[in-house]
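One structure below.
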Amino acid sequence: MKTTKIEFAVQLNGSNADEEIKSALKDVGTVEINKNLGSVIIETSSTPWSEIQSKIEATGRRAVLTGFGGQSCVSIIDTGKSSLKGVVRICNVSESSGSVIDGVVDGLQANRKYRFNIHECGDLSEGCQSVGGVFKPSQIEEKIVEADANGRLSFRILDKNLNVPDLIGRSVVISEKDSDERLGCGIIARSAGIFQNSKKICACDGVTIWSERDRPIAGKGRRDEK
């Protein structure tokens, strides 16, 4: 599989930060650390960004995803009917090799299979029912992903027919495998690539990037608030 680069802002505290982070990521891919920028860049061929973030934070340091290599886009998956929430990031590998789709979705039923699709429209006026049919250039309709014992989907897919500029304004949909019931969806928007997001403050509400890390993917408040 083709490799992609993923960038995290990391609190590189401690004299052994480099060694500890590289040790935690030794089976993931190549690791580049810039202490001046507080940046860790991983080039990987198979590991989803959410797993990489967990490995970094297992060293006792918080990490925030700040860039995804190549032309990139992102979809925040949500639904008003359940606790399902997630983030799917897509980046071009090359014009001839398509794109990598890297996602994590929480709030599903444990050990159950689901279908991941890209749909034609970004119209959420009627929720997931108004996003149109499956985007034809994609072969993603053949991809089935399975939630783990905690109800989390974590996946990394290469689709040779996808090109990021063609996806902006469309939508991502998570559906039941057998019934095709649409459970969650989100509009696809352009996102930062490597070295394109150096923010330390969240412009939306003025909190630091580290306070933003502790907030849920969607909605207000911290993770432990009701």
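Starting from 1 in every chain, residues are counted up; chains themselves are A, B, ... following the order of the structure tokens, and ligands are numbered from 1 as listed.
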
List as a list in words the protein and nucleic acid residues near Thr59 (chain A), meaning an atom at most 8 Å away when only C-alpha atoms are counted, but skip any in the same chain fewer than 6 places from it. Glu20, Ile21 and Ala24 of chain A

I need the residue nearest Ser39 (chain A) from this list: A:Ser175, A:Ile188, A:Glu57, A:Thr66. Use only C-alpha atoms for the distance. A:Thr66

Could I get the residues of region 83-108 of chain A with an atom no further than 8 Å from an atom of region 140-160 of chain A, each paired with its nearest atom pair and that distance in Å to one decimal, using only C-alpha atoms, sorted by chain and residue number, as CSV?
residue,atom,partner,partner_atom,distance
A:Ser96,CA,A:Lys160,CA,7.5
A:Ser97,CA,A:Lys160,CA,5.2
A:Gly98,CA,A:Lys160,CA,3.8
A:Ser99,CA,A:Asp159,CA,5.6
A:Val100,CA,A:Leu158,CA,4.5
A:Ile101,CA,A:Ile157,CA,5.0
A:Asp102,CA,A:Arg156,CA,4.5
A:Gly103,CA,A:Phe155,CA,5.5
A:Val104,CA,A:Ser154,CA,4.5
A:Val105,CA,A:Leu153,CA,5.0
A:Asp106,CA,A:Arg152,CA,4.5
A:Gly107,CA,A:Gly151,CA,5.6
A:Leu108,CA,A:Gly151,CA,4.5

Would you mind exporting the chosen residues as a compact mmCIF listing (two decimals), in the first residue's frame, restricted to N, CA, C and O atoms?
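Listed below is the output, selection.txt:
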# COMPACT_ATOMS: atom_id res chain seq x y z
N SER A 96 -2.28 9.15 -9.99
CA SER A 96 -2.46 7.82 -10.58
C SER A 96 -2.83 6.75 -9.56
O SER A 96 -3.29 5.68 -9.94
N SER A 97 -2.63 7.05 -8.26
CA SER A 97 -2.84 6.03 -7.24
C SER A 97 -4.06 6.26 -6.38
O SER A 97 -4.34 5.48 -5.48
N GLY A 98 -4.82 7.33 -6.62
CA GLY A 98 -6.03 7.57 -5.87
C GLY A 98 -5.78 8.21 -4.51
O GLY A 98 -4.83 8.98 -4.34
N SER A 99 -6.62 7.87 -3.53
CA SER A 99 -6.59 8.51 -2.22
C SER A 99 -6.70 7.50 -1.09
O SER A 99 -7.28 6.42 -1.26
N VAL A 100 -6.15 7.88 0.05
CA VAL A 100 -6.27 7.09 1.27
C VAL A 100 -7.39 7.69 2.12
O VAL A 100 -7.46 8.90 2.32
N ILE A 101 -8.27 6.83 2.61
CA ILE A 101 -9.37 7.24 3.48
C ILE A 101 -9.07 6.69 4.87
O ILE A 101 -8.90 5.49 5.05
N ASP A 102 -8.99 7.59 5.84
CA ASP A 102 -8.55 7.23 7.19
C ASP A 102 -9.61 7.73 8.16
O ASP A 102 -9.84 8.94 8.25
N GLY A 103 -10.28 6.83 8.87
CA GLY A 103 -11.39 7.27 9.70
C GLY A 103 -11.52 6.57 11.03
O GLY A 103 -11.00 5.47 11.24
N VAL A 104 -12.22 7.26 11.94
CA VAL A 104 -12.59 6.66 13.22
C VAL A 104 -14.00 7.15 13.56
O VAL A 104 -14.30 8.33 13.45
N VAL A 105 -14.87 6.21 13.92
CA VAL A 105 -16.27 6.52 14.24
C VAL A 105 -16.65 5.78 15.52
O VAL A 105 -16.45 4.57 15.63
N ASP A 106 -17.19 6.50 16.49
CA ASP A 106 -17.62 5.93 17.77
C ASP A 106 -19.14 5.92 17.89
O ASP A 106 -19.83 6.67 17.20
N GLY A 107 -19.63 5.08 18.78
CA GLY A 107 -21.05 5.08 19.09
C GLY A 107 -21.86 4.04 18.32
O GLY A 107 -23.09 4.12 18.28
N LEU A 108 -21.18 3.05 17.73
CA LEU A 108 -21.87 2.00 16.98
C LEU A 108 -22.02 0.74 17.85
O LEU A 108 -21.52 0.69 18.96

Work out how far apart CA of Asn34 (chain A) and CA of Lys5 (chain A) are and give it in Å to one decimal.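 For CA of Asn34 (chain A) relative to CA of Lys5 (chain A), the distance reads 14.5 Å.
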
For the atom pair CA of Ile56 (chain A) and CA of Arg89 (chain A), what is the interatomic distance in Å to one decimal place? 19.0 Å

Can you tell me how far CA of Ser171 (chain A) sits from CA of Gly67 (chain A), in Å to one decimal?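 We find that CA of Ser171 (chain A) and CA of Gly67 (chain A) lie 20.3 Å from each other.
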
Nearby residues (only C-alpha atoms) at most 12 Å from Asp180 (chain A), same-chain spacing under 3 positions excluded, as a list of chain:residue names: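 In the requested form, the answer reads A:Lys113, A:Tyr114, A:Arg115, A:Phe116, A:Asn117, A:Cys128, A:Gln129, A:Gly133, A:Val134, A:Glu141, A:Ile144, A:Val173, A:Ile174, A:Ser175, A:Glu176, A:Lys177, A:Leu183, A:Gly184.
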
Using C-alpha atoms, can you export the residues from the last selection as a PDB file, in the first residue's frame?
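This went into selection_5.pdb:
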ATOM      1  CA  LYS A 113     -20.342  -4.695  10.345  1.00  0.00           C
ATOM      2  CA  TYR A 114     -21.089  -1.400   8.607  1.00  0.00           C
ATOM      3  CA  ARG A 115     -20.838   0.068   5.126  1.00  0.00           C
ATOM      4  CA  PHE A 116     -18.805   3.181   4.308  1.00  0.00           C
ATOM      5  CA  ASN A 117     -19.736   5.259   1.242  1.00  0.00           C
ATOM      6  CA  CYS A 128     -28.580  11.641   5.758  1.00  0.00           C
ATOM      7  CA  GLN A 129     -31.569  11.110   3.467  1.00  0.00           C
ATOM      8  CA  GLY A 133     -26.736   8.307  -4.250  1.00  0.00           C
ATOM      9  CA  VAL A 134     -23.269   6.791  -3.965  1.00  0.00           C
ATOM     10  CA  GLU A 141     -19.455   0.721  -1.806  1.00  0.00           C
ATOM     11  CA  ILE A 144     -17.304  -3.242   4.715  1.00  0.00           C
ATOM     12  CA  VAL A 173     -22.180   8.155   5.014  1.00  0.00           C
ATOM     13  CA  ILE A 174     -22.011   5.275   7.495  1.00  0.00           C
ATOM     14  CA  SER A 175     -24.777   2.717   6.908  1.00  0.00           C
ATOM     15  CA  GLU A 176     -25.971  -0.604   8.254  1.00  0.00           C
ATOM     16  CA  LYS A 177     -24.367  -3.410   6.239  1.00  0.00           C
ATOM     17  CA  LEU A 183     -26.811   6.071  10.551  1.00  0.00           C
ATOM     18  CA  GLY A 184     -24.438   9.026  10.278  1.00  0.00           C
TER      19      GLY A 184
END

Nearest to Phe68 (chain A) among A:Asn111, A:Ser191, A:Ser15, A:Ser23, with distances taken over only C-alpha atoms: which residue is it?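 Of the candidates, the smallest distance to Phe68 (chain A) is held by A:Ser191.
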